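Okay, structure37.cif is below, mmCIF, C-alpha atoms:
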```cif
data_upload
#
loop_
_atom_site.label_atom_id
_atom_site.label_comp_id
_atom_site.auth_asym_id
_atom_site.auth_seq_id
_atom_site.Cartn_x
_atom_site.Cartn_y
_atom_site.Cartn_z
CA MET A 23 10.84 7.87 8.27
CA SER A 24 8.36 8.94 10.89
CA THR A 25 9.45 10.71 14.05
CA ALA A 26 7.85 11.30 17.43
CA SER A 27 6.89 14.79 16.26
CA ASP A 28 4.67 13.26 13.55
CA LEU A 29 2.45 11.59 16.13
CA ARG A 30 -0.86 12.78 17.45
CA PHE A 31 -2.76 11.34 20.39
CA PHE A 32 -6.42 10.47 20.84
CA ALA A 33 -7.81 10.48 24.38
CA SER A 34 -9.62 7.14 24.43
CA PHE A 35 -11.73 5.76 27.27
CA ASP A 36 -8.57 4.16 28.69
CA GLY A 37 -5.52 6.26 27.95
CA ALA A 38 -4.05 8.02 24.92
CA LEU A 39 -3.72 6.21 21.59
CA ALA A 40 -1.02 7.34 19.17
CA TYR A 41 -1.55 7.78 15.44
CA ARG A 42 -0.33 9.56 12.34
CA ASP A 43 -2.72 11.45 10.08
CA THR A 44 -1.50 13.00 6.85
CA GLY A 45 -4.76 14.90 6.35
CA GLY A 46 -6.17 15.83 3.00
CA ALA A 47 -9.48 15.36 1.23
CA GLY A 48 -8.80 11.99 -0.39
CA LEU A 49 -10.24 8.62 0.58
CA PRO A 50 -9.13 7.79 4.14
CA VAL A 51 -6.74 4.83 4.11
CA VAL A 52 -5.97 3.32 7.51
CA LEU A 53 -2.78 1.27 7.87
CA LEU A 54 -2.98 -1.34 10.64
CA HIS A 55 0.25 -2.88 11.85
CA ALA A 56 1.09 -6.44 12.89
CA GLY A 57 1.32 -7.67 16.47
CA PHE A 58 4.21 -6.50 18.69
CA VAL A 59 5.32 -3.84 16.17
CA ASP A 60 3.87 -0.37 15.50
CA HIS A 61 2.81 2.12 12.83
CA THR A 62 6.41 2.68 11.66
CA MET A 63 6.21 -0.60 9.74
CA TRP A 64 4.36 1.57 7.20
CA ASP A 65 7.06 4.22 6.82
CA GLU A 66 7.47 3.51 3.08
CA GLN A 67 3.75 3.37 2.37
CA ILE A 68 2.64 6.50 4.26
CA PRO A 69 4.27 9.16 2.02
CA ALA A 70 3.55 7.23 -1.17
CA LEU A 71 -0.15 6.76 -0.42
CA ALA A 72 -0.47 10.29 0.98
CA GLU A 73 0.09 11.69 -2.51
CA GLU A 74 -3.60 11.04 -3.18
CA PHE A 75 -5.19 9.59 -0.03
CA ARG A 76 -5.66 10.69 3.57
CA VAL A 77 -3.43 8.19 5.38
CA ILE A 78 -4.03 7.32 9.04
CA ALA A 79 -1.63 4.96 10.82
CA PRO A 80 -2.39 4.20 14.48
CA ASP A 81 -0.43 2.33 17.13
CA ALA A 82 -2.77 -0.32 18.53
CA ARG A 83 -3.42 -0.23 22.27
CA GLY A 84 -0.44 -1.70 24.13
CA HIS A 85 1.85 -1.24 21.12
CA GLY A 86 4.35 1.43 20.16
CA ARG A 87 3.49 4.71 21.83
CA SER A 88 -0.15 3.96 22.63
CA ALA A 89 -1.31 3.41 26.19
CA ASN A 90 -1.47 -0.06 27.67
CA ALA A 91 -4.88 -1.44 28.53
CA GLY A 92 -6.12 -1.02 32.08
CA ARG A 93 -9.53 -2.58 31.46
CA PRO A 94 -11.20 -4.84 28.87
CA PHE A 95 -11.21 -3.51 25.32
CA ARG A 96 -11.77 -4.58 21.72
CA GLN A 97 -9.31 -3.44 19.07
CA ALA A 98 -12.09 -2.84 16.55
CA ASP A 99 -13.83 -0.51 19.01
CA ASP A 100 -10.59 1.43 19.55
CA LEU A 101 -10.26 1.92 15.81
CA ALA A 102 -13.91 2.87 15.40
CA ALA A 103 -13.59 5.49 18.14
CA LEU A 104 -10.52 6.98 16.46
CA LEU A 105 -12.19 7.13 13.04
CA ARG A 106 -15.27 8.80 14.48
CA HIS A 107 -13.07 11.27 16.35
CA LEU A 108 -11.27 12.10 13.09
CA GLU A 109 -14.49 12.06 11.02
CA ALA A 110 -12.59 9.70 8.72
CA GLY A 111 -15.07 7.11 7.56
CA PRO A 112 -15.94 5.19 5.52
CA ALA A 113 -12.25 4.31 5.19
CA ALA A 114 -10.23 1.66 3.41
CA LEU A 115 -8.54 -0.52 6.05
CA VAL A 116 -5.19 -2.09 5.15
CA GLY A 117 -3.87 -4.60 7.68
CA VAL A 118 -1.06 -7.11 8.08
CA SER A 119 -1.36 -10.04 10.51
CA MET A 120 -2.97 -8.66 13.68
CA GLY A 121 -3.85 -5.57 11.66
CA ALA A 122 -5.75 -7.74 9.19
CA THR A 123 -7.82 -9.18 12.03
CA ILE A 124 -8.56 -5.67 13.34
CA ALA A 125 -9.63 -4.64 9.83
CA VAL A 126 -12.01 -7.58 9.44
CA ALA A 127 -13.44 -7.16 12.94
CA THR A 128 -14.07 -3.47 12.29
CA ALA A 129 -15.84 -4.27 9.03
CA VAL A 130 -18.10 -6.72 10.89
CA GLU A 131 -18.72 -4.66 14.04
CA HIS A 132 -18.72 -1.16 12.52
CA PRO A 133 -19.59 -1.61 8.82
CA GLU A 134 -20.61 2.02 8.36
CA LEU A 135 -16.99 3.05 8.89
CA VAL A 136 -15.45 0.73 6.29
CA ARG A 137 -15.15 1.26 2.52
CA ALA A 138 -12.80 -1.60 1.58
CA LEU A 139 -10.33 -4.08 3.09
CA VAL A 140 -6.81 -5.21 2.23
CA VAL A 141 -5.66 -8.11 4.41
CA SER A 142 -2.31 -9.91 4.51
CA GLY A 143 -1.26 -12.87 6.64
CA GLY A 144 -4.35 -12.86 8.86
CA GLY A 145 -8.02 -12.07 8.96
CA ALA A 146 -11.15 -13.60 10.33
CA ALA A 147 -10.26 -16.82 12.08
CA GLU A 148 -8.02 -17.94 14.92
CA VAL A 149 -5.01 -19.49 13.20
CA GLU A 150 -4.33 -23.14 13.92
CA PHE A 151 -0.79 -24.01 12.90
CA THR A 152 -0.60 -27.50 11.41
CA GLU A 153 2.52 -27.48 9.24
CA PRO A 154 5.74 -28.59 11.01
CA TRP A 155 7.63 -25.35 10.30
CA SER A 156 4.77 -23.15 11.50
CA LYS A 157 4.14 -25.21 14.63
CA GLN A 158 7.82 -25.11 15.54
CA ALA A 159 8.23 -21.38 14.86
CA HIS A 160 5.13 -20.52 16.87
CA SER A 161 6.13 -22.77 19.77
CA VAL A 162 9.68 -21.45 20.02
CA GLN A 163 8.53 -17.83 19.80
CA PHE A 164 6.02 -18.00 22.60
CA GLU A 165 8.08 -20.29 24.80
CA ALA A 166 10.85 -17.67 24.69
CA LEU A 167 8.37 -14.94 25.55
CA LEU A 168 6.90 -16.90 28.44
CA THR A 169 10.32 -17.54 29.91
CA GLY A 170 11.38 -13.91 29.49
CA ASP A 171 14.26 -14.68 27.09
CA ILE A 172 13.80 -11.59 24.95
CA GLU A 173 16.81 -12.23 22.70
CA ALA A 174 15.54 -15.73 21.91
CA TRP A 175 12.08 -14.25 21.33
CA HIS A 176 13.51 -11.77 18.82
CA ASP A 177 15.37 -14.58 17.03
CA ALA A 178 12.24 -16.72 16.86
CA SER A 179 10.07 -13.80 15.76
CA ASP A 180 12.48 -13.05 12.92
CA ALA A 181 11.57 -16.41 11.35
CA TRP A 182 8.20 -15.06 10.20
CA ALA A 183 10.00 -12.41 8.14
CA HIS A 184 11.62 -15.02 5.88
CA GLY A 185 9.06 -17.82 6.16
CA PRO A 186 9.36 -21.59 5.81
CA GLU A 187 10.92 -21.80 2.33
CA ARG A 188 13.45 -18.96 2.28
CA PRO A 189 16.76 -18.72 4.15
CA ARG A 190 17.23 -15.90 6.63
CA GLU A 191 19.61 -14.22 4.19
CA ALA A 192 16.75 -13.74 1.69
CA VAL A 193 15.52 -10.77 3.73
CA ARG A 194 17.47 -7.52 3.87
CA PRO A 195 19.25 -6.96 7.21
CA GLU A 196 17.55 -3.60 7.68
CA VAL A 197 14.15 -5.32 7.74
CA TYR A 198 15.20 -7.46 10.71
CA ALA A 199 16.68 -4.38 12.39
CA ARG A 200 13.43 -2.43 11.99
CA LEU A 201 11.30 -5.30 13.26
CA ARG A 202 13.52 -5.66 16.34
CA GLU A 203 13.39 -1.94 17.02
CA MET A 204 9.59 -1.91 16.82
CA ARG A 205 9.19 -5.07 18.90
CA GLY A 206 11.60 -3.62 21.44
CA ARG A 207 9.45 -0.53 21.92
CA THR A 208 6.37 -2.63 22.49
CA ILE A 209 7.82 -5.31 24.75
CA ALA A 210 9.43 -2.63 26.94
CA LYS A 211 5.92 -1.37 27.79
CA HIS A 212 4.89 -4.65 29.40
CA VAL A 213 5.85 -6.76 32.39
CA PRO A 214 5.68 -10.54 32.83
CA GLY A 215 2.37 -11.84 34.09
CA GLU A 216 0.34 -8.68 33.46
CA PRO A 217 -3.33 -9.32 32.66
CA ASP A 218 -4.41 -9.52 29.03
CA HIS A 219 -7.40 -7.20 28.73
CA HIS A 220 -7.94 -7.72 25.01
CA VAL A 221 -11.38 -9.13 24.13
CA PRO A 222 -11.50 -10.72 20.65
CA ALA A 223 -14.47 -10.11 18.39
CA GLU A 224 -16.89 -12.95 19.03
CA ASP A 225 -17.35 -15.61 16.30
CA LEU A 226 -15.57 -13.44 13.76
CA GLY A 227 -14.96 -16.28 11.33
CA ALA A 228 -18.65 -17.15 11.28
CA ARG A 229 -19.67 -13.56 10.56
CA VAL A 230 -17.18 -12.61 7.86
CA ASP A 231 -19.71 -13.31 5.11
CA ARG A 232 -21.64 -10.26 6.33
CA ILE A 233 -18.96 -8.02 4.84
CA THR A 234 -20.28 -6.29 1.72
CA VAL A 235 -17.33 -4.05 0.81
CA PRO A 236 -14.57 -5.10 -1.62
CA VAL A 237 -11.79 -7.20 -0.10
CA LEU A 238 -8.27 -7.84 -1.40
CA ALA A 239 -6.24 -10.63 0.22
CA LEU A 240 -2.64 -9.64 -0.55
CA ASN A 241 -0.24 -12.27 0.76
CA GLY A 242 3.46 -12.92 0.56
CA ALA A 243 3.87 -16.19 -1.31
CA GLN A 244 6.54 -17.25 1.19
CA ASP A 245 4.37 -16.70 4.27
CA ALA A 246 3.23 -19.67 6.36
CA PRO A 247 0.45 -21.46 4.44
CA GLU A 248 -1.95 -21.27 7.37
CA LEU A 249 -1.63 -17.47 7.48
CA ARG A 250 -2.10 -17.11 3.74
CA ALA A 251 -5.19 -19.31 3.93
CA VAL A 252 -6.80 -17.17 6.65
CA ALA A 253 -6.44 -14.01 4.56
CA ASP A 254 -7.64 -15.74 1.40
CA SER A 255 -10.67 -17.12 3.24
CA VAL A 256 -11.91 -13.58 3.85
CA ALA A 257 -11.76 -12.74 0.15
CA HIS A 258 -13.49 -16.01 -0.75
CA ALA A 259 -16.30 -15.42 1.76
CA VAL A 260 -17.47 -12.04 0.45
CA PRO A 261 -19.24 -11.00 -2.75
CA HIS A 262 -16.47 -8.67 -3.94
CA GLY A 263 -13.27 -10.42 -2.90
CA ARG A 264 -10.10 -11.25 -4.77
CA THR A 265 -6.59 -12.43 -4.02
CA ALA A 266 -3.09 -11.44 -5.05
CA VAL A 267 0.42 -12.52 -4.07
CA ILE A 268 3.87 -10.99 -3.95
CA ASP A 269 6.23 -13.79 -4.89
CA ASP A 270 9.43 -13.08 -2.95
CA ALA A 271 7.78 -11.98 0.29
CA ALA A 272 6.64 -13.63 3.51
CA HIS A 273 4.65 -12.33 6.50
CA PHE A 274 5.57 -8.67 5.97
CA PRO A 275 5.09 -8.09 2.23
CA ASN A 276 5.06 -4.32 2.68
CA LEU A 277 8.59 -4.52 4.11
CA ASP A 278 9.92 -7.12 1.66
CA HIS A 279 8.79 -5.22 -1.43
CA PRO A 280 7.47 -1.79 -0.44
CA GLU A 281 6.97 -0.42 -3.94
CA GLU A 282 5.18 -3.51 -5.29
CA TYR A 283 2.96 -3.71 -2.22
CA THR A 284 2.04 -0.03 -2.47
CA ARG A 285 1.34 -0.32 -6.20
CA ILE A 286 -1.02 -3.29 -5.74
CA VAL A 287 -2.88 -1.56 -2.91
CA THR A 288 -3.14 1.68 -4.90
CA ASP A 289 -4.45 -0.12 -7.98
CA PHE A 290 -7.07 -1.84 -5.81
CA LEU A 291 -8.18 1.46 -4.30
CA HIS A 292 -8.37 3.07 -7.75
CA GLY A 293 -10.75 0.30 -8.79
CA LEU A 294 -13.31 1.00 -6.08
CA GLU A 295 -16.70 2.14 -7.26
CA PRO A 296 -17.98 5.45 -5.82
CA ASP A 297 -19.42 4.95 -2.34
CA PRO A 298 -22.98 6.28 -2.01
CA ARG A 299 -22.64 6.56 1.75
CA PRO A 300 -21.75 9.99 3.19
CA HIS A 301 -18.45 10.46 4.98
CA ARG A 302 -18.86 10.55 8.73
#
```

Encoded form using structure tokens:
Amino acid sequence: MSTASDLRFFASFDGALAYRDTGGAGLPVVLLHAGFVDHTMWDEQIPALAEEFRVIAPDARGHGRSANAGRPFRQADDLAALLRHLEAGPAALVGVSMGATIAVATAVEHPELVRALVVSGGGAAEVEFTEPWSKQAHSVQFEALLTGDIEAWHDASDAWAHGPERPREAVRPEVYARLREMRGRTIAKHVPGEPDHHVPAEDLGARVDRITVPVLALNGAQDAPELRAVADSVAHAVPHGRTAVIDDAAHFPNLDHPEEYTRIVTDFLHGLEPDPRPHR
């Protein structure tokens, strides 16, 4: 498991951004976490992937141990600045949920920094929840957050870990405990009513077909169907896209089945053709 001593900090234009970097000469692989959590969601993947890749795992602005935003920012620009600082591109970007959207936005806005994408439970488009379970889970989660009922917010957020078809007991208790610990670190950094300085990438869904690098949509089969569809749509929109599923997993497939998730990602990375572009 990662510790505070493993972290490094990048002095961005608006405060310090935290990240881990295992170093090494292998292909840079950047692990991008979901919303409200932090880079420690990748604790199983970091050492396994670091056996042959240079693994970089940042905390997004406003999450984990990274600075909160004091002015408008785009998450893709934050990531691009970090990769240029580390001279770590082109890199394979691996993202879950919010991290998947950051990965896709970076591939569109900063294509020279991206070698390949792995996206799970998110991607290029704003998600519109239409299924009854998803609409209810989303509504309860954000109503609890708006009213400041943090315990109810944790309970509602836990639903995404098991998904619409599995009971809560299908997920190991330690997964819920880790998610709550990570969410707790992030929510403690914020106060009710603070301004949201995040600027989404404009028309991302309409521009995803500009991506030319290989894309793997790797979903948990038990995730909400709308979230699976968003990730799959990225793979279907590009010339070198494909999809895969992990059967007994929902919105956090890397936590449900760490070894299977890591194996599928590793196999995908092994299948990449040599990149003619120089590393930056």

_Residues matched by the PyMOL selection byres ((chain A and resi 97) around 10), written as a PyMOL selection string_ = chain A and resi 82-83+95-96+98-103+120-121+123-125+127-128+220-223

*Applied to the shown file, which residues does the PyMOL selection byres ((chain A and resi 130) around 8) return, written as a VMD selection string?*
chain A and resid 126 to 129 131 to 133 226 229 to 230 232 to 233

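You will find atom CA of A:Pro236 at 21.9 Å from atom CA of A:Glu148.
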
*Find the residues around A:Gly293 up to 12 Å (all atoms listed in the file counted), leave out those fewer than 6 positions away in its own chain, and share them as a PyMOL selection string.*
chain A and resi 138+236-238+262+286-287

_Here's a test: counting all atoms listed in the file, identify every protein, DNA and RNA residue with an atom at most 12 Å from (8.1, -26.3, 11.4) in the file's coordinate frame, and state them as a PyMOL selection string._
chain A and resi 151-163+178+181-182+185-187+246-248

*With the file shown as input, list the residues that the PyMOL selection byres ((chain A and resi 35) around 12) selects, as a PyMOL selection string.*
chain A and resi 32-34+36-39+83+89-96+99-100+103-104
